file work-v1.cif (mmCIF, C-alpha atoms and all ligand atoms)
data_start
loop_
_atom_site.label_atom_id
_atom_site.label_comp_id
_atom_site.auth_asym_id
_atom_site.auth_seq_id
_atom_site.Cartn_x
_atom_site.Cartn_y
_atom_site.Cartn_z
CA MET C 1 100.14 -28.04 45.96
CA GLU C 2 97.76 -28.17 43.02
CA PRO C 3 94.63 -30.15 43.78
CA LYS C 4 94.52 -33.41 41.86
CA ARG C 5 91.87 -33.38 39.16
CA PHE C 6 89.87 -36.32 37.98
CA THR C 7 90.95 -36.57 34.37
CA SER C 8 89.90 -39.99 33.14
CA PRO C 9 88.79 -39.90 29.50
CA ILE C 10 86.51 -42.86 30.18
CA LYS C 11 82.92 -41.74 30.30
CA TYR C 12 80.87 -44.90 30.01
CA LEU C 13 81.44 -48.43 31.24
CA ASP C 14 80.74 -49.67 27.71
CA TRP C 15 83.93 -47.98 26.55
CA ILE C 16 86.08 -50.32 28.59
CA SER C 17 83.98 -53.43 28.97
CA GLU C 18 84.98 -55.14 25.75
CA ILE C 19 87.03 -57.46 27.92
CA ILE C 20 85.59 -58.66 31.20
CA ASN C 21 87.61 -60.69 33.66
CA VAL C 22 85.52 -63.35 35.35
CA VAL C 23 85.96 -66.37 37.61
CA CYS C 24 86.07 -69.54 35.53
CA PRO C 25 83.15 -71.73 36.65
CA SER C 26 85.26 -74.82 36.02
CA CYS C 27 88.66 -74.08 37.64
CA SER C 28 87.97 -70.81 39.54
CA LYS C 29 90.87 -69.00 37.88
CA ASN C 30 90.91 -65.73 35.96
CA ALA C 31 89.07 -66.12 32.66
CA VAL C 32 88.01 -63.63 30.01
CA ILE C 33 84.76 -62.78 28.31
CA LYS C 34 85.20 -60.83 25.12
CA GLU C 35 82.51 -58.90 23.40
CA LYS C 36 82.69 -59.11 19.65
CA ARG C 37 82.47 -55.56 18.39
CA ILE C 38 82.93 -54.10 15.00
CA ARG C 39 85.46 -51.32 14.95
CA GLU C 40 85.70 -48.85 12.13
CA ASN C 41 87.77 -45.66 12.11
CA GLY C 42 88.21 -45.95 15.83
CA ILE C 43 84.47 -46.07 16.44
CA TYR C 44 82.81 -49.11 17.87
CA TYR C 45 79.63 -50.56 16.53
CA TRP C 46 77.58 -52.90 18.59
CA ARG C 47 75.60 -55.66 17.09
CA SER C 48 71.98 -55.48 18.15
CA ASN C 49 72.26 -58.96 19.58
CA LYS C 50 75.56 -58.95 21.40
CA GLU C 51 77.96 -61.78 20.77
CA TYR C 52 80.59 -62.91 23.23
CA SER C 53 83.39 -65.38 23.41
CA TYR C 54 84.79 -67.06 26.49
CA GLU C 55 88.32 -68.16 27.24
CA CYS C 56 90.05 -69.67 30.26
CA LYS C 57 93.76 -69.98 29.66
CA ASN C 58 94.09 -72.23 32.69
CA CYS C 59 91.69 -75.09 31.93
CA TYR C 60 90.44 -74.31 28.41
CA THR C 61 86.89 -75.25 29.31
CA VAL C 62 84.58 -74.53 26.43
CA ILE C 63 81.64 -72.34 27.32
CA GLU C 64 79.40 -71.46 24.46
CA HIS C 65 77.50 -68.26 24.03
CA SER C 66 74.41 -69.26 22.18
CA LYS C 67 70.70 -68.97 21.78
CA ILE C 68 68.64 -70.45 24.58
CA HIS C 69 64.89 -70.70 24.96
CA LYS C 70 62.20 -70.63 27.59
CA TYR C 71 58.73 -71.96 26.87
CA GLU C 72 55.44 -71.17 28.45
CA LEU C 73 51.98 -72.57 27.90
CA LYS C 74 48.75 -71.20 29.31
CA LEU C 75 45.41 -72.59 28.23
CA ASN C 76 42.23 -74.31 29.29
CA CYS C 77 41.93 -78.05 28.83
CA PRO C 78 39.73 -78.59 25.75
CA ASN C 79 38.16 -81.59 27.46
CA CYS C 80 37.35 -80.41 31.01
CA GLY C 81 38.17 -76.71 30.98
CA LYS C 82 40.79 -76.78 33.73
CA ASN C 83 43.41 -74.01 33.69
CA ILE C 84 46.72 -75.39 32.60
CA MET C 85 49.94 -73.53 33.12
CA PHE C 86 53.29 -74.87 32.10
CA LYS C 87 56.64 -73.15 32.46
CA HIS C 88 59.82 -74.63 31.14
CA GLN C 89 63.32 -73.82 32.43
CA TRP C 90 65.89 -72.26 30.11
CA THR C 91 66.98 -74.84 27.58
CA LYS C 92 68.96 -75.20 24.38
CA LYS C 93 66.26 -77.42 22.94
CA GLU C 94 64.11 -75.96 20.22
CA MET C 95 60.50 -76.89 20.59
CA THR C 96 57.65 -75.84 18.36
CA GLU C 97 55.10 -77.94 20.18
CA ILE C 98 54.67 -78.99 23.78
CA SER C 99 52.76 -82.02 24.87
CA ILE C 100 51.31 -82.17 28.38
CA SER C 101 48.55 -84.06 30.06
CA CYS C 102 45.73 -82.45 32.02
CA LYS C 103 46.02 -83.21 35.74
CA LEU C 104 42.27 -83.34 36.14
CA CYS C 105 41.06 -85.49 33.25
CA SER C 106 44.37 -86.83 31.88
CA GLU C 107 43.62 -85.55 28.39
CA THR C 108 46.81 -85.14 26.36
CA ILE C 109 47.15 -81.65 24.97
CA LYS C 110 49.56 -80.57 22.27
CA ALA C 111 50.04 -76.87 21.75
CA LYS C 112 52.43 -74.25 20.46
CA PRO C 113 54.15 -72.56 23.43
CA LYS C 114 54.97 -68.90 23.94
CA THR C 115 58.72 -68.60 23.52
CA VAL C 116 61.36 -66.30 24.94
CA GLU C 117 64.79 -66.38 23.35
CA ILE C 118 68.01 -64.88 24.61
CA ASN C 119 71.72 -65.25 23.97
CA ALA C 120 73.54 -66.55 27.01
CA PHE C 121 76.52 -68.52 28.18
CA TRP C 122 75.70 -72.18 28.53
CA TYR C 123 77.70 -74.65 30.59
CA LYS C 124 76.78 -78.09 31.94
CA ASN C 125 73.12 -77.70 30.98
CA ASN C 126 72.76 -74.41 32.78
CA MET C 127 72.91 -70.75 32.04
CA VAL C 128 76.15 -69.43 33.53
CA GLU C 129 76.12 -66.51 35.92
CA PHE C 130 79.67 -65.28 36.07
CA LYS C 131 81.35 -63.57 38.98
CA TYR C 132 83.75 -60.73 38.33
CA TRP C 133 87.37 -61.72 38.88
CA TYR C 134 88.13 -58.30 40.36
CA GLN C 135 85.80 -58.11 43.30
CA LEU C 136 86.08 -58.00 47.07
CA ARG C 137 84.04 -57.06 50.12
CA PHE C 138 84.62 -53.50 51.20
CA LYS C 139 82.94 -52.97 54.57
CA ASP C 140 79.33 -53.90 53.75
CA ASN C 141 79.70 -53.33 50.03
CA LEU C 142 80.93 -55.17 47.03
CA LEU C 143 83.79 -53.44 45.30
CA TRP C 144 84.09 -54.73 41.75
CA ALA C 145 85.64 -53.88 38.43
CA VAL C 146 85.24 -55.45 35.01
CA ASN C 147 88.96 -55.28 34.21
CA LYS C 148 92.22 -53.49 35.08
CA GLU C 149 91.32 -50.38 33.10
CA HIS C 150 88.19 -50.09 35.19
CA ILE C 151 90.27 -50.35 38.39
CA GLU C 152 92.51 -47.56 37.11
CA PHE C 153 89.47 -45.44 36.38
CA LEU C 154 88.29 -45.97 39.97
CA GLU C 155 91.73 -45.15 41.36
CA ASP C 156 91.78 -41.96 39.37
CA TYR C 157 88.32 -41.02 40.62
CA VAL C 158 88.89 -41.90 44.28
CA SER C 159 92.27 -40.16 44.54
CA ALA C 160 91.10 -36.92 42.88
CA ASP C 161 90.45 -33.83 45.01
CA LEU C 162 88.35 -32.27 42.31
CA ARG C 163 85.76 -34.47 40.77
CA GLU C 164 84.10 -33.13 37.69
CA ARG C 165 80.43 -32.33 37.75
CA TYR C 166 78.65 -33.18 34.59
CA PRO C 167 75.76 -31.28 33.08
CA LYS C 168 72.56 -33.24 32.63
CA ARG C 169 72.40 -35.32 29.49
CA TYR C 170 71.14 -38.59 28.12
CA GLY C 171 72.05 -41.59 30.19
CA MET C 172 74.20 -41.68 33.28
CA MET C 173 77.91 -41.55 32.96
CA LEU C 174 80.21 -43.93 34.74
CA ALA C 175 81.41 -41.43 37.35
CA GLU C 176 77.84 -40.44 38.21
CA ARG C 177 76.71 -44.02 38.58
CA LEU C 178 79.30 -44.93 41.17
CA PRO C 179 77.87 -46.17 44.46
CA LYS C 180 77.90 -43.89 47.52
CA PHE C 181 80.69 -45.74 49.31
CA ILE C 182 83.03 -44.99 46.41
CA LYS C 183 81.99 -41.33 46.26
CA ASN C 184 82.44 -40.92 50.00
CA LYS C 185 85.73 -39.09 50.53
CA LYS C 186 86.07 -40.55 54.03
CA ASN C 187 86.73 -43.91 52.40
CA ARG C 188 89.48 -42.59 50.20
CA GLU C 189 92.55 -44.13 51.86
CA SER C 190 90.99 -47.49 52.55
CA LEU C 191 89.47 -47.62 49.05
CA LEU C 192 92.80 -46.92 47.41
CA LYS C 193 94.31 -49.77 49.42
CA ALA C 194 91.48 -52.08 48.39
CA LEU C 195 91.84 -51.10 44.73
CA LYS C 196 95.57 -51.78 44.88
CA LYS C 197 94.81 -55.21 46.30
CA LEU C 198 92.30 -55.86 43.51
CA LYS C 199 94.80 -54.84 40.87
CA GLU C 200 97.36 -57.30 42.19
CA LYS C 201 94.91 -60.18 42.15
ZN ZN C 301 89.23 -72.51 33.88
ZN ZN C 302 41.21 -81.77 31.41
#
call {"tool": "encode", "arguments": {"input": "work-v1.cif", "output": "structure tokens"}}
result
Amino acid sequence: MEPKRFTSPIKYLDWISEIINVVCPSCSKNAVIKEKRIRENGIYYWRSNKEYSYECKNCYTVIEHSKIHKYELKLNCPNCGKNIMFKHQWTKKEMTEISISCKLCSETIKAKPKTVEINAFWYKNNMVEFKYWYQLRFKDNLLWAVNKEHIEFLEDYVSADLRERYPKRYGMMLAERLPKFIKNKKNRESLLKALKKLKEK
């Protein structure tokens, strides 16, 4: 019998991660994060600041992807010289000035903070950290996939007898980045079972 070759045309995770299946933080069902990409002549263009949308078809919770800020202030009290350090949590609030009082002399200080800005999902006054919908424990590892196409890629890779070797180039390709437990041929049968289970989730 001919050895089965790994033939997936997918080279980078970015190629298939336009849609990511995640656990809805509100109802725990399968929800979708979509990356807004510009597509022209079959080629994708990424915006420098990635934009995403969120949708849960089970509970329709609205989760915004928007600009959030973190503020930091580091100075010496102009009255007594004490070091003052202030760190704010991530917030949607825009602040150009922060007002704090010195713990030593109670002087009120107003100053312009150092600001970090990112785009993130925001839900119930917190930044959301999503869990992949397609994930399960495999021995001591976490087996995960961003979507069904990604599972199919992994199935193709795991079941192949001949796995391509890539010449060195810029960046690491998806097949090269796979964790050891996926590359380990001893895990083949049990991995294929686990992937099948994931797919049926
Ligand atoms: Zn939901
Ligand atoms: Zn002071």
call {"tool": "closest_atom_pairs", "arguments": {"input": "work-v1.cif", "of": "chain C", "to": "ligand ZN 302 (chain C)", "cutoff": "7 Å", "atoms": "all atoms listed in the file", "output": "tab-separated table"}}
result
residue	atom	partner	partner_atom	distance
C:Cys77	CA	C:ZN302	ZN	4.6
C:Pro78	CA	C:ZN302	ZN	6.7
C:Asn79	CA	C:ZN302	ZN	5.0
C:Cys80	CA	C:ZN302	ZN	4.1
C:Gly81	CA	C:ZN302	ZN	5.9
C:Lys82	CA	C:ZN302	ZN	5.5
C:Cys102	CA	C:ZN302	ZN	4.6
C:Lys103	CA	C:ZN302	ZN	6.6
C:Leu104	CA	C:ZN302	ZN	5.1
C:Cys105	CA	C:ZN302	ZN	4.2
C:Ser106	CA	C:ZN302	ZN	6.0
C:Glu107	CA	C:ZN302	ZN	5.4
call {"tool": "atom_distance", "arguments": {"input": "work-v1.cif", "atom1": "CA of Ala194 (chain C)", "atom2": "CA of Tyr52 (chain C)"}}
result
29.5 Å
call {"tool": "atom_distance", "arguments": {"input": "work-v1.cif", "atom1": "CA of Lys201 (chain C)", "atom2": "CA of Leu154 (chain C)"}}
result
15.8 Å
call {"tool": "atom_distance", "arguments": {"input": "work-v1.cif", "atom1": "CA of Asp156 (chain C)", "atom2": "CA of Thr7 (chain C)"}}
result
7.4 Å
call {"tool": "residues_around", "arguments": {"input": "work-v1.cif", "residues": "Glu51 (chain C)", "least_positions_apart": "6", "cutoff": "12 Å", "atoms": "all atoms listed in the file", "output": "CSV table (one decimal) with C-alpha atoms, in the coordinates of the input"}}
result
chain,number,residue,atom,x,y,z
C,18,GLU,CA,85.0,-55.1,25.8
C,33,ILE,CA,84.8,-62.8,28.3
C,34,LYS,CA,85.2,-60.8,25.1
C,35,GLU,CA,82.5,-58.9,23.4
C,36,LYS,CA,82.7,-59.1,19.6
C,37,ARG,CA,82.5,-55.6,18.4
C,38,ILE,CA,82.9,-54.1,15.0
C,64,GLU,CA,79.4,-71.5,24.5
C,65,HIS,CA,77.5,-68.3,24.0
C,66,SER,CA,74.4,-69.3,22.2
C,67,LYS,CA,70.7,-69.0,21.8
C,118,ILE,CA,68.0,-64.9,24.6
C,119,ASN,CA,71.7,-65.2,24.0
C,120,ALA,CA,73.5,-66.6,27.0
C,121,PHE,CA,76.5,-68.5,28.2
call {"tool": "closest_residue", "arguments": {"input": "work-v1.cif", "among": "C:Met85, C:Leu143, C:Leu178, C:Met173", "to": "Lys193 (chain C)", "atoms": "only C-alpha atoms"}}
result
C:Leu143
call {"tool": "residues_near_ligand", "arguments": {"input": "work-v1.cif", "ligand": "ligand ZN 301 (chain C)", "cutoff": "7 Å", "atoms": "all atoms listed in the file", "output": "PyMOL selection string"}}
result
chain C and resi 24-29+31+56-61
call {"tool": "closest_residue", "arguments": {"input": "work-v1.cif", "among": "C:Lys148, C:Lys92, C:Arg177, C:Lys87", "to": "Tyr132 (chain C)", "atoms": "all atoms listed in the file"}}
result
C:Lys148
call {"tool": "closest_residue", "arguments": {"input": "work-v1.cif", "among": "C:Lys185, C:Ser17, C:Leu195, C:Lys93", "to": "Asn147 (chain C)", "atoms": "only C-alpha atoms"}}
result
C:Ser17
call {"tool": "residues_near_point", "arguments": {"input": "work-v1.cif", "point": "(72.3, -67.7, 35.5)", "cutoff": "12 Å", "atoms": "all atoms listed in the file", "output": "VMD selection string"}}
result
chain C and resid 25 68 89 to 91 119 to 131
call {"tool": "closest_residue", "arguments": {"input": "work-v1.cif", "among": "C:Ser53, C:Ser101, C:Gln135, C:Ser8", "to": "Val23 (chain C)", "atoms": "only C-alpha atoms"}}
result
C:Gln135
call {"tool": "closest_residue", "arguments": {"input": "work-v1.cif", "among": "C:Thr115, C:Lys74, C:Arg188, C:Ala175", "to": "Ile100 (chain C)", "atoms": "all atoms listed in the file"}}
result
C:Lys74
call {"tool": "closest_residue", "arguments": {"input": "work-v1.cif", "among": "C:Val146, C:Arg163, C:Val22, C:Thr108", "to": "Glu176 (chain C)", "atoms": "only C-alpha atoms"}}
result
C:Arg163
